[in-house]
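As C-alpha cells, the structure follows; a few thoughts come after it.
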Amino acid sequence: MLHGASVMSDKECRVFYKVSDPSKASEGLSRYKKYVDGLAFDEENIGALKDLLSIAEKIYGDKCEILLMESKETLVYALNTLGKSKSRILIALNELKDLAELRQVYGNYKNMEFGVRVTKPTLNLMHLARQGIKFVVIPPTLIRGRLISEAKARKISVIAHPVNDVATYVKLLELGVSAVVTTNPAVKRGAKKLLRL
C-alpha cells in the first residue's frame, strides 16, 4: 500500500466530521482543527445542529463547510436553522426529484451546492451533471478508479461516507476522492503519519 507514499503525501482530501457525541464536540473540533474542513449532519445528529454550529463558529469562524445528508423535510429544518449562514453548504439529496423545489426555495443562497446520496453501484453521472449536481456521497465499497475518473471529467466531486479507519482513508486518497465523512477526525492525521514512514 505504501509503494506510492511519496506521491500520495502530496494529495489532499477534505474531511467532514460527523459528530457522534455532541458532548465531546468542542474537544474534538479543537483537537483536530487542522484536520477537519467541515461538519456533516444526517438523521443521527441533526438534532445537535444549532449547538454544533455554535461550537464550530467559535473555532473556525465561517470557514467551516456544512454537509447535510438528509431527507427533504429535515433539510428544510436544517436550512432554516442555518439561516443566511456564510459557511459553504453542501446538500446531499436522497431523491433527485427534490432538487427543483429546493432550488426554487433556496436559490438565492450563493454558498450552496447540491449533490445526491448514492447507494447503488450503477450511477449515471452524465444525467447528474445535466441536473447541475456538483457532488455525490457514496459508500467507500462502491468507489472505483473508473468512477473517480468519470466524475472528474464531469466536474462532479466524490465524497466517501463513512470512512472511520486510516487504511480506508489512504486507499480513497490514492483513488482521488474529494472528501470523506468520518466520526473519527483523527483519520487524516493518522494517514499523514503513515505516509511519512
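Residues are named by chain letter and number: chains run A, B, ... in the order of the C-alpha cells, numbers start at 1 in each chain, and ligands are numbered from 1 in the order shown.
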Identify all residues of stretch 45-77 of chain A in helix (DSSP H, G or I) (DSSP on the backbone) and supply them as an MDAnalysis selection string.
chainID A and resid 46:60 72:77
Export C-alpha atoms of the chosen residues as an mmCIF file, in the first residue's frame?
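What landed in out_10.cif:
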data_model
loop_
_atom_site.group_PDB
_atom_site.id
_atom_site.type_symbol
_atom_site.label_atom_id
_atom_site.label_comp_id
_atom_site.auth_asym_id
_atom_site.auth_seq_id
_atom_site.Cartn_x
_atom_site.Cartn_y
_atom_site.Cartn_z
ATOM 1 C CA ILE A 46 -29.260 16.690 13.005
ATOM 2 C CA GLY A 47 -30.817 17.494 16.397
ATOM 3 C CA ALA A 48 -27.466 18.882 17.559
ATOM 4 C CA LEU A 49 -27.123 21.199 14.535
ATOM 5 C CA LYS A 50 -27.526 24.509 16.414
ATOM 6 C CA ASP A 51 -25.144 23.572 19.223
ATOM 7 C CA LEU A 52 -22.502 22.148 16.901
ATOM 8 C CA LEU A 53 -22.649 25.184 14.606
ATOM 9 C CA SER A 54 -22.148 27.458 17.581
ATOM 10 C CA ILE A 55 -19.057 25.479 18.642
ATOM 11 C CA ALA A 56 -17.700 25.364 15.068
ATOM 12 C CA GLU A 57 -18.156 29.125 14.571
ATOM 13 C CA LYS A 58 -16.056 29.821 17.684
ATOM 14 C CA ILE A 59 -13.271 27.563 16.394
ATOM 15 C CA TYR A 60 -13.421 28.082 12.601
ATOM 16 C CA LYS A 72 -36.201 16.930 2.186
ATOM 17 C CA GLU A 73 -38.245 17.630 5.350
ATOM 18 C CA THR A 74 -35.210 17.605 7.608
ATOM 19 C CA LEU A 75 -33.220 19.632 5.097
ATOM 20 C CA VAL A 76 -35.813 22.394 5.266
ATOM 21 C CA TYR A 77 -35.463 22.403 9.071
#
Any idea what's packed within 12 Å of A:Ile148, counting only C-alpha atoms, ignoring anything in its chain fewer than 5 positions away? Could you give it as a VMD selection string?
chain A and resid 123 125 135 to 136 138 140 142 to 143 153 to 160 172 to 179
Save out the residues we just selected, N, CA and C atoms, as a short mmCIF file (atom, residue, chain, number, x, y, z; two decimals), in the first residue's frame.
data_model
loop_
_atom_site.label_atom_id
_atom_site.label_comp_id
_atom_site.auth_asym_id
_atom_site.auth_seq_id
_atom_site.Cartn_x
_atom_site.Cartn_y
_atom_site.Cartn_z
N LEU A 123 -24.47 4.17 -11.61
CA LEU A 123 -24.56 5.61 -11.40
C LEU A 123 -24.45 6.32 -12.74
N LEU A 125 -23.63 9.40 -14.17
CA LEU A 125 -23.02 10.70 -13.88
C LEU A 125 -23.37 11.74 -14.93
N PHE A 135 -21.77 17.08 -6.60
CA PHE A 135 -21.04 16.04 -5.87
C PHE A 135 -21.96 14.86 -5.60
N VAL A 136 -21.34 13.71 -5.30
CA VAL A 136 -22.08 12.52 -4.87
C VAL A 136 -21.48 12.06 -3.54
N ILE A 138 -21.10 8.69 -1.41
CA ILE A 138 -21.17 7.28 -1.79
C ILE A 138 -20.38 6.41 -0.81
N PRO A 140 -17.68 3.87 0.59
CA PRO A 140 -16.34 3.56 0.08
C PRO A 140 -16.27 2.26 -0.71
N LEU A 142 -18.20 1.16 -2.87
CA LEU A 142 -18.66 1.32 -4.26
C LEU A 142 -17.72 2.18 -5.10
N ILE A 143 -16.68 2.71 -4.48
CA ILE A 143 -15.79 3.65 -5.20
C ILE A 143 -14.67 2.89 -5.91
N ALA A 153 -14.16 14.10 -14.89
CA ALA A 153 -14.41 14.57 -16.26
C ALA A 153 -15.71 15.37 -16.35
N ARG A 154 -16.65 15.05 -15.48
CA ARG A 154 -17.95 15.75 -15.48
C ARG A 154 -18.03 16.82 -14.40
N LYS A 155 -16.87 17.11 -13.76
CA LYS A 155 -16.78 18.13 -12.72
C LYS A 155 -17.70 17.84 -11.52
N ILE A 156 -17.78 16.57 -11.17
CA ILE A 156 -18.55 16.13 -10.00
C ILE A 156 -17.56 15.60 -8.96
N SER A 157 -17.65 16.11 -7.75
CA SER A 157 -16.79 15.65 -6.66
C SER A 157 -17.35 14.37 -6.06
N VAL A 158 -16.46 13.51 -5.57
CA VAL A 158 -16.87 12.26 -4.93
C VAL A 158 -16.52 12.35 -3.45
N ILE A 159 -17.56 12.20 -2.61
CA ILE A 159 -17.39 12.22 -1.15
C ILE A 159 -17.71 10.83 -0.62
N ALA A 160 -16.76 10.22 0.07
CA ALA A 160 -16.95 8.87 0.62
C ALA A 160 -17.52 8.94 2.03
N LEU A 172 -8.68 5.56 -0.41
CA LEU A 172 -9.53 6.54 -1.10
C LEU A 172 -8.73 7.75 -1.56
N LEU A 173 -7.75 8.14 -0.76
CA LEU A 173 -6.87 9.25 -1.12
C LEU A 173 -6.11 8.90 -2.40
N GLU A 174 -5.64 7.65 -2.46
CA GLU A 174 -4.92 7.17 -3.64
C GLU A 174 -5.83 7.16 -4.88
N LEU A 175 -7.10 6.82 -4.69
CA LEU A 175 -8.06 6.81 -5.80
C LEU A 175 -8.43 8.22 -6.26
N GLY A 176 -8.31 9.19 -5.35
CA GLY A 176 -8.57 10.58 -5.73
C GLY A 176 -9.92 11.14 -5.31
N VAL A 177 -10.51 10.62 -4.21
CA VAL A 177 -11.78 11.20 -3.75
C VAL A 177 -11.55 12.64 -3.29
N SER A 178 -12.61 13.43 -3.36
CA SER A 178 -12.52 14.84 -2.97
C SER A 178 -12.62 15.03 -1.47
N ALA A 179 -13.43 14.18 -0.81
CA ALA A 179 -13.67 14.34 0.62
C ALA A 179 -14.15 13.03 1.22
#
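The nearest approach to A:Asp98 among the residues A:Ala129, A:Val116, A:Leu67, A:Ala25, with only C-alpha atoms taken into account, belongs to A:Val116.
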So which residues touch A:Lys84 within 12 Å, counting only C-alpha atoms, skipping near sequence neighbours fewer than 4 positions away, as a ChimeraX atom specification?
/A:62,78-80,88-89,106,108-112
Write out as an MDAnalysis selection string which residues come within 12 Å of A:Glu44 when counting only C-alpha atoms, dropping same-chain ones fewer than 2 positions away.
chainID A and resid 18:22 40:42 46:49 68:70 74 183
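Here atom CA of A:Ala100 and atom CA of A:Lys63 stand 27.5 Å from one another.
Of the listed residues A:Ile91, A:Leu99, A:Leu194, A:Leu128, the one whose atoms come nearest to A:Glu113 is A:Ile91, with distances taken using only C-alpha atoms.
Atom CA of A:Thr141 is positioned 11.6 Å from atom CA of A:Val118.
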So that I can check the secondary structure, give me every residue of chain A assigned strand (DSSP E) by backbone DSSP, as JSON, numbers by chain.
{"A": [14, 15, 16, 17, 38, 39, 40, 41, 65, 66, 67, 68, 69, 70, 89, 90, 91, 92, 93, 112, 113, 114, 115, 116, 117, 135, 136, 137, 138, 157, 158, 159, 160, 179, 180, 181, 182]}
Output the selection as a short mmCIF file (atom, residue, chain, number, x, y, z; two decimals), in the first residue's frame - C-alpha atoms for each residue.
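Okay, this is what ended up in out-v1.cif:
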data_model
loop_
_atom_site.label_atom_id
_atom_site.label_comp_id
_atom_site.auth_asym_id
_atom_site.auth_seq_id
_atom_site.Cartn_x
_atom_site.Cartn_y
_atom_site.Cartn_z
CA ARG A 14 -11.28 17.23 2.72
CA VAL A 15 -12.62 15.76 5.96
CA PHE A 16 -16.19 16.27 7.16
CA TYR A 17 -16.55 15.42 10.84
CA GLY A 38 -16.36 20.83 7.83
CA LEU A 39 -19.22 19.25 9.73
CA ALA A 40 -21.58 16.57 8.38
CA PHE A 41 -25.16 16.04 9.53
CA GLU A 65 -18.23 23.81 5.46
CA ILE A 66 -21.56 22.16 6.28
CA LEU A 67 -22.62 18.90 4.60
CA LEU A 68 -26.30 17.99 5.02
CA MET A 69 -27.22 14.39 4.15
CA GLU A 70 -30.91 14.12 4.82
CA ILE A 89 -23.41 24.45 2.49
CA LEU A 90 -23.43 21.14 0.62
CA ILE A 91 -26.78 19.40 0.37
CA ALA A 92 -26.77 15.68 -0.44
CA LEU A 93 -30.30 14.79 -1.54
CA MET A 112 -24.99 26.37 -1.60
CA GLU A 113 -24.22 23.30 -3.74
CA PHE A 114 -26.44 20.31 -4.42
CA GLY A 115 -25.40 16.67 -4.56
CA VAL A 116 -27.01 13.24 -4.17
CA ARG A 117 -26.50 10.26 -1.90
CA PHE A 135 -21.04 16.04 -5.87
CA VAL A 136 -22.08 12.52 -4.87
CA VAL A 137 -21.91 10.98 -1.39
CA ILE A 138 -21.17 7.28 -1.79
CA SER A 157 -16.79 15.65 -6.66
CA VAL A 158 -16.87 12.26 -4.93
CA ILE A 159 -17.39 12.22 -1.15
CA ALA A 160 -16.95 8.87 0.62
CA ALA A 179 -13.67 14.34 0.62
CA VAL A 180 -14.62 11.83 3.30
CA VAL A 181 -17.21 11.85 6.07
CA THR A 182 -15.97 10.39 9.35
#
Between atom CA of A:Gly83 and atom CA of A:Arg31 lies a distance of 27.6 Å
Would you mind listing what lies within 7 Å of stretch 188-191 of chain A as a VMD selection string, with only C-alpha atoms counted and same-chain residues fewer than 3 positions away left out?
chain A and resid 35 166 170 185 194 to 195
